[in-house]
Amino acid sequence: FLMGLADAGEDTGDPVTGVPPESPPHKVRLTRSFYFSAFEVTQAQYAYVMGKNPSWHAKGGGGEGQVYEQDTSNYPIENVAWTDAAAFCRGLSELPEEKAAGRRYRLPTEAEWEYACRAGTETPFHFGNQITPAHVNYDSNHPYAGGAKGEYREKTVSVKSLPANPWGLYEVHGNVWEWCADGYGPY
């Protein structure tokens with residue numbers, strides 16, 4: 001598939017090189033199949049595996065006031081470092097039921113993530129060239145590439161709250177940052 005974008009919108013990219021983070025577009029060939037979760041890891045899933053919930057938008061978290069009296073168990077886990085995400089994958093892989101089924105979990109590569117996120121489309125987002133709050137939970141006070149401002153929720157939202165991409169994956173744009181196995185760097 002063609003990974004990256006010819007025009008990364010208003011993203012000026014790396015402050016040193018000026019290279020936008022998703023350019024230049026280049027062909028990528030995935031050489032092995034992989035499974036992908038239909039939605040982000042939830043706070044309940046993370047707490048089950050790791051024994052704690054470090055989320056900001058949770059009871060006891062710094063953003064507790066924004067989710068007061070809400071059940072955040074199906075909100076995505078956030079406020080975790082890459083090492084926490086990798087540890088979650090290892091912990092999930094070690095659960096007896098997962099070991100018995102022969103399942104091993106890991107973070108996706110950036111190429112796997114973009115392939116799954118864009119779901120065979122060639123636009124910046126699986127639903128087109130512009131994001132809106134109807135499709136994405138993001139700070140819409142700062143619209144992408146000259147788009148219109150919209151509703152700013154100021155918190156994460158429950159998984160499966162917004163429309164799925166054509167492959168049935170939810171909130172692949174916005175809501176929380178996703179960790180990938182490989183490091184960040186210009187193409």
# chains A, B, ... in the order shown; residues from 1 in each chain; ligands from 1
>>> select_by_dssp(residues="stretch 53-168 of chain A", states="helix (DSSP H, G or I)", output="PyMOL selection string")
chain A and resi 64-67+82-94+96-101+110-118+144-146
>>> select_by_dssp(residues="stretch 15-168 of chain A", states="strand (DSSP E or B)", output="list of chain:residue names")
A:His26, A:Lys27, A:Thr42, A:Pro76, A:Phe125, A:Gly128, A:Asn137
>>> closest_residue(among="A:Pro108, A:Asn129, A:Tyr48, A:Ser37", to="A:Ser73", atoms="only C-alpha atoms")
A:Tyr48
>>> residues_around(residues="A:Val157", least_positions_apart="2", cutoff="7 Å", atoms="only C-alpha atoms", output="list in words")
Tyr75, Lys155, Val159, Ser161 and Asn175 of chain A
>>> residues_around(residues="A:Val41", least_positions_apart="4", cutoff="7 Å", atoms="only C-alpha atoms", output="PyMOL selection string")
chain A and resi 45-46+76-77
>>> write_last_selection(atoms="N, CA and C atoms", output="PDB file, in the first residue's frame")
ATOM      1  N   GLN A  45     -10.068  -3.225  30.586  1.00  0.00           N
ATOM      2  CA  GLN A  45      -9.134  -4.243  30.105  1.00  0.00           C
ATOM      3  C   GLN A  45      -7.747  -4.027  30.701  1.00  0.00           C
ATOM      4  N   TYR A  46      -7.296  -2.788  30.693  1.00  0.00           N
ATOM      5  CA  TYR A  46      -5.971  -2.477  31.226  1.00  0.00           C
ATOM      6  C   TYR A  46      -5.903  -2.814  32.711  1.00  0.00           C
ATOM      7  N   PRO A  76     -11.099   4.611  26.594  1.00  0.00           N
ATOM      8  CA  PRO A  76      -9.769   4.073  26.303  1.00  0.00           C
ATOM      9  C   PRO A  76      -8.792   4.398  27.432  1.00  0.00           C
ATOM     10  N   ILE A  77      -7.854   3.502  27.636  1.00  0.00           N
ATOM     11  CA  ILE A  77      -6.786   3.784  28.600  1.00  0.00           C
ATOM     12  C   ILE A  77      -5.936   4.899  27.998  1.00  0.00           C
TER      13      ILE A  77
END
>>> residues_around(residues="stretch 146-154 of chain A", least_positions_apart="3", cutoff="12 Å", atoms="only C-alpha atoms", output="ChimeraX atom specification")
/A:9-11,56-57,63,65-67,129-143,157-158,174-176
>>> write_last_selection(atoms="N, CA and C atoms", output="PDB file, in the first residue's frame")
ATOM      1  N   GLY A   9      -1.097  18.508   4.979  1.00  0.00           N
ATOM      2  CA  GLY A   9      -1.899  19.612   5.508  1.00  0.00           C
ATOM      3  C   GLY A   9      -1.019  20.711   6.057  1.00  0.00           C
ATOM      4  N   GLU A  10      -1.413  21.246   7.205  1.00  0.00           N
ATOM      5  CA  GLU A  10      -0.680  22.346   7.811  1.00  0.00           C
ATOM      6  C   GLU A  10       0.431  21.869   8.734  1.00  0.00           C
ATOM      7  N   ASP A  11       0.648  20.580   8.824  1.00  0.00           N
ATOM      8  CA  ASP A  11       1.685  20.058   9.702  1.00  0.00           C
ATOM      9  C   ASP A  11       3.044  20.403   9.111  1.00  0.00           C
ATOM     10  N   TRP A  56      -6.202   9.572  33.222  1.00  0.00           N
ATOM     11  CA  TRP A  56      -6.543  10.919  33.665  1.00  0.00           C
ATOM     12  C   TRP A  56      -8.068  11.029  33.770  1.00  0.00           C
ATOM     13  N   HIS A  57      -8.764  10.517  32.770  1.00  0.00           N
ATOM     14  CA  HIS A  57     -10.231  10.586  32.731  1.00  0.00           C
ATOM     15  C   HIS A  57     -10.840   9.352  33.382  1.00  0.00           C
ATOM     16  N   GLY A  63      -8.323  14.164  35.773  1.00  0.00           N
ATOM     17  CA  GLY A  63      -9.474  14.701  35.045  1.00  0.00           C
ATOM     18  C   GLY A  63     -10.796  14.138  35.528  1.00  0.00           C
ATOM     19  N   GLY A  65     -13.029  15.244  37.404  1.00  0.00           N
ATOM     20  CA  GLY A  65     -14.143  16.185  37.349  1.00  0.00           C
ATOM     21  C   GLY A  65     -14.839  16.214  35.994  1.00  0.00           C
ATOM     22  N   GLN A  66     -14.117  15.866  34.926  1.00  0.00           N
ATOM     23  CA  GLN A  66     -14.708  15.872  33.584  1.00  0.00           C
ATOM     24  C   GLN A  66     -15.567  14.637  33.326  1.00  0.00           C
ATOM     25  N   VAL A  67     -15.388  13.606  34.135  1.00  0.00           N
ATOM     26  CA  VAL A  67     -16.146  12.362  33.938  1.00  0.00           C
ATOM     27  C   VAL A  67     -16.908  11.987  35.206  1.00  0.00           C
ATOM     28  N   ASN A 129     -10.910  13.755   3.327  1.00  0.00           N
ATOM     29  CA  ASN A 129      -9.786  14.679   3.475  1.00  0.00           C
ATOM     30  C   ASN A 129      -9.855  15.587   4.695  1.00  0.00           C
ATOM     31  N   GLN A 130     -10.973  15.608   5.391  1.00  0.00           N
ATOM     32  CA  GLN A 130     -11.170  16.544   6.488  1.00  0.00           C
ATOM     33  C   GLN A 130     -11.787  15.839   7.687  1.00  0.00           C
ATOM     34  N   ILE A 131     -11.333  16.179   8.890  1.00  0.00           N
ATOM     35  CA  ILE A 131     -11.937  15.587  10.084  1.00  0.00           C
ATOM     36  C   ILE A 131     -13.028  16.504  10.629  1.00  0.00           C
ATOM     37  N   THR A 132     -14.010  15.894  11.246  1.00  0.00           N
ATOM     38  CA  THR A 132     -15.073  16.622  11.931  1.00  0.00           C
ATOM     39  C   THR A 132     -15.382  15.878  13.226  1.00  0.00           C
ATOM     40  N   PRO A 133     -16.006  16.551  14.207  1.00  0.00           N
ATOM     41  CA  PRO A 133     -16.369  15.874  15.446  1.00  0.00           C
ATOM     42  C   PRO A 133     -17.370  14.723  15.248  1.00  0.00           C
ATOM     43  N   ALA A 134     -18.025  14.666  14.113  1.00  0.00           N
ATOM     44  CA  ALA A 134     -18.928  13.539  13.836  1.00  0.00           C
ATOM     45  C   ALA A 134     -18.150  12.250  13.612  1.00  0.00           C
ATOM     46  N   HIS A 135     -16.889  12.365  13.215  1.00  0.00           N
ATOM     47  CA  HIS A 135     -16.034  11.206  12.938  1.00  0.00           C
ATOM     48  C   HIS A 135     -14.903  11.011  13.938  1.00  0.00           C
ATOM     49  N   VAL A 136     -14.452  12.119  14.563  1.00  0.00           N
ATOM     50  CA  VAL A 136     -13.233  12.075  15.358  1.00  0.00           C
ATOM     51  C   VAL A 136     -13.408  12.857  16.656  1.00  0.00           C
ATOM     52  N   ASN A 137     -12.864  12.331  17.749  1.00  0.00           N
ATOM     53  CA  ASN A 137     -12.793  13.070  19.005  1.00  0.00           C
ATOM     54  C   ASN A 137     -11.416  13.727  19.060  1.00  0.00           C
ATOM     55  N   TYR A 138     -11.382  15.052  18.915  1.00  0.00           N
ATOM     56  CA  TYR A 138     -10.121  15.792  18.869  1.00  0.00           C
ATOM     57  C   TYR A 138     -10.365  17.215  19.330  1.00  0.00           C
ATOM     58  N   ASP A 139      -9.315  17.977  19.517  1.00  0.00           N
ATOM     59  CA  ASP A 139      -9.454  19.376  19.888  1.00  0.00           C
ATOM     60  C   ASP A 139      -9.813  20.153  18.635  1.00  0.00           C
ATOM     61  N   SER A 140     -11.109  20.312  18.403  1.00  0.00           N
ATOM     62  CA  SER A 140     -11.568  20.952  17.176  1.00  0.00           C
ATOM     63  C   SER A 140     -11.415  22.472  17.206  1.00  0.00           C
ATOM     64  N   ASN A 141     -10.808  23.005  18.261  1.00  0.00           N
ATOM     65  CA  ASN A 141     -10.419  24.416  18.244  1.00  0.00           C
ATOM     66  C   ASN A 141      -9.227  24.620  17.322  1.00  0.00           C
ATOM     67  N   HIS A 142      -8.587  23.517  16.958  1.00  0.00           N
ATOM     68  CA  HIS A 142      -7.427  23.545  16.065  1.00  0.00           C
ATOM     69  C   HIS A 142      -7.709  22.606  14.898  1.00  0.00           C
ATOM     70  N   PRO A 143      -8.571  23.020  13.968  1.00  0.00           N
ATOM     71  CA  PRO A 143      -8.955  22.132  12.869  1.00  0.00           C
ATOM     72  C   PRO A 143      -7.794  21.791  11.942  1.00  0.00           C
ATOM     73  N   VAL A 157     -13.782   9.682  24.844  1.00  0.00           N
ATOM     74  CA  VAL A 157     -15.142   9.137  24.781  1.00  0.00           C
ATOM     75  C   VAL A 157     -15.053   7.618  24.769  1.00  0.00           C
ATOM     76  N   SER A 158     -16.137   6.987  25.155  1.00  0.00           N
ATOM     77  CA  SER A 158     -16.198   5.531  25.187  1.00  0.00           C
ATOM     78  C   SER A 158     -15.848   4.941  23.826  1.00  0.00           C
ATOM     79  N   GLY A 174      -7.940  10.134  16.358  1.00  0.00           N
ATOM     80  CA  GLY A 174      -8.345  10.887  17.540  1.00  0.00           C
ATOM     81  C   GLY A 174      -8.627  10.019  18.754  1.00  0.00           C
ATOM     82  N   ASN A 175      -9.263  10.619  19.744  1.00  0.00           N
ATOM     83  CA  ASN A 175      -9.613  10.055  21.048  1.00  0.00           C
ATOM     84  C   ASN A 175      -8.371   9.907  21.926  1.00  0.00           C
ATOM     85  N   VAL A 176      -7.416   9.092  21.550  1.00  0.00           N
ATOM     86  CA  VAL A 176      -6.138   8.980  22.261  1.00  0.00           C
ATOM     87  C   VAL A 176      -5.027   8.754  21.236  1.00  0.00           C
TER      88      VAL A 176
END
>>> residues_around(residues="A:Trp177", least_positions_apart="4", cutoff="12 Å", atoms="only C-alpha atoms", output="ChimeraX atom specification")
/A:40-41,76-82,85,113,137-138,156,171-173
>>> closest_residue(among="A:Gly60, A:His26, A:Met50, A:Trp179", to="A:Leu95", atoms="only C-alpha atoms")
A:Met50
>>> atom_distance(atom1="atom CA of A:Leu5", atom2="atom CA of A:Lys27")
11.2 Å
>>> residues_around(residues="A:Gly168", least_positions_apart="5", cutoff="10 Å", atoms="only C-alpha atoms", output="ChimeraX atom specification")
/A:37-39,116-117,119,160,163
>>> write_last_selection(atoms="N, CA, C and O atoms", output="mmCIF file, in the first residue's frame")
data_model
loop_
_atom_site.group_PDB
_atom_site.id
_atom_site.type_symbol
_atom_site.label_atom_id
_atom_site.label_comp_id
_atom_site.auth_asym_id
_atom_site.auth_seq_id
_atom_site.Cartn_x
_atom_site.Cartn_y
_atom_site.Cartn_z
ATOM 1 N N SER A 37 -7.026 -5.101 17.082
ATOM 2 C CA SER A 37 -8.210 -4.926 17.924
ATOM 3 C C SER A 37 -9.189 -3.976 17.238
ATOM 4 O O SER A 37 -8.784 -3.020 16.585
ATOM 5 N N ALA A 38 -10.468 -4.232 17.411
ATOM 6 C CA ALA A 38 -11.491 -3.382 16.790
ATOM 7 C C ALA A 38 -11.589 -2.022 17.462
ATOM 8 O O ALA A 38 -12.134 -1.084 16.889
ATOM 9 N N PHE A 39 -11.063 -1.899 18.664
ATOM 10 C CA PHE A 39 -11.093 -0.618 19.370
ATOM 11 C C PHE A 39 -9.894 -0.539 20.319
ATOM 12 O O PHE A 39 -9.214 -1.527 20.565
ATOM 13 N N ALA A 116 -4.147 -0.449 8.683
ATOM 14 C CA ALA A 116 -5.433 -0.754 9.326
ATOM 15 C C ALA A 116 -6.279 0.507 9.490
ATOM 16 O O ALA A 116 -7.494 0.494 9.255
ATOM 17 N N CYS A 117 -5.661 1.597 9.864
ATOM 18 C CA CYS A 117 -6.364 2.856 10.099
ATOM 19 C C CYS A 117 -7.024 3.392 8.829
ATOM 20 O O CYS A 117 -8.195 3.761 8.845
ATOM 21 N N ALA A 119 -7.649 1.722 6.079
ATOM 22 C CA ALA A 119 -8.591 0.711 5.568
ATOM 23 C C ALA A 119 -8.739 0.721 4.047
ATOM 24 O O ALA A 119 -9.851 0.702 3.524
ATOM 25 N N LYS A 160 -16.071 2.738 20.546
ATOM 26 C CA LYS A 160 -17.213 2.450 19.678
ATOM 27 C C LYS A 160 -18.291 3.540 19.741
ATOM 28 O O LYS A 160 -19.447 3.303 19.451
ATOM 29 N N PRO A 163 -18.284 6.429 14.348
ATOM 30 C CA PRO A 163 -18.384 5.425 13.273
ATOM 31 C C PRO A 163 -17.073 4.681 13.031
ATOM 32 O O PRO A 163 -15.982 5.246 13.112
#
>>> closest_residue(among="A:Ala145, A:Tyr35, A:Ser23, A:Thr123", to="A:Arg103", atoms="only C-alpha atoms")
A:Tyr35
>>> atom_distance(atom1="atom CA of A:Phe88", atom2="atom CA of A:Ser33")
21.5 Å
>>> closest_residue(among="A:Ala101, A:Ala111, A:Leu162, A:Val49", to="A:Cys89", atoms="only C-alpha atoms")
A:Val49
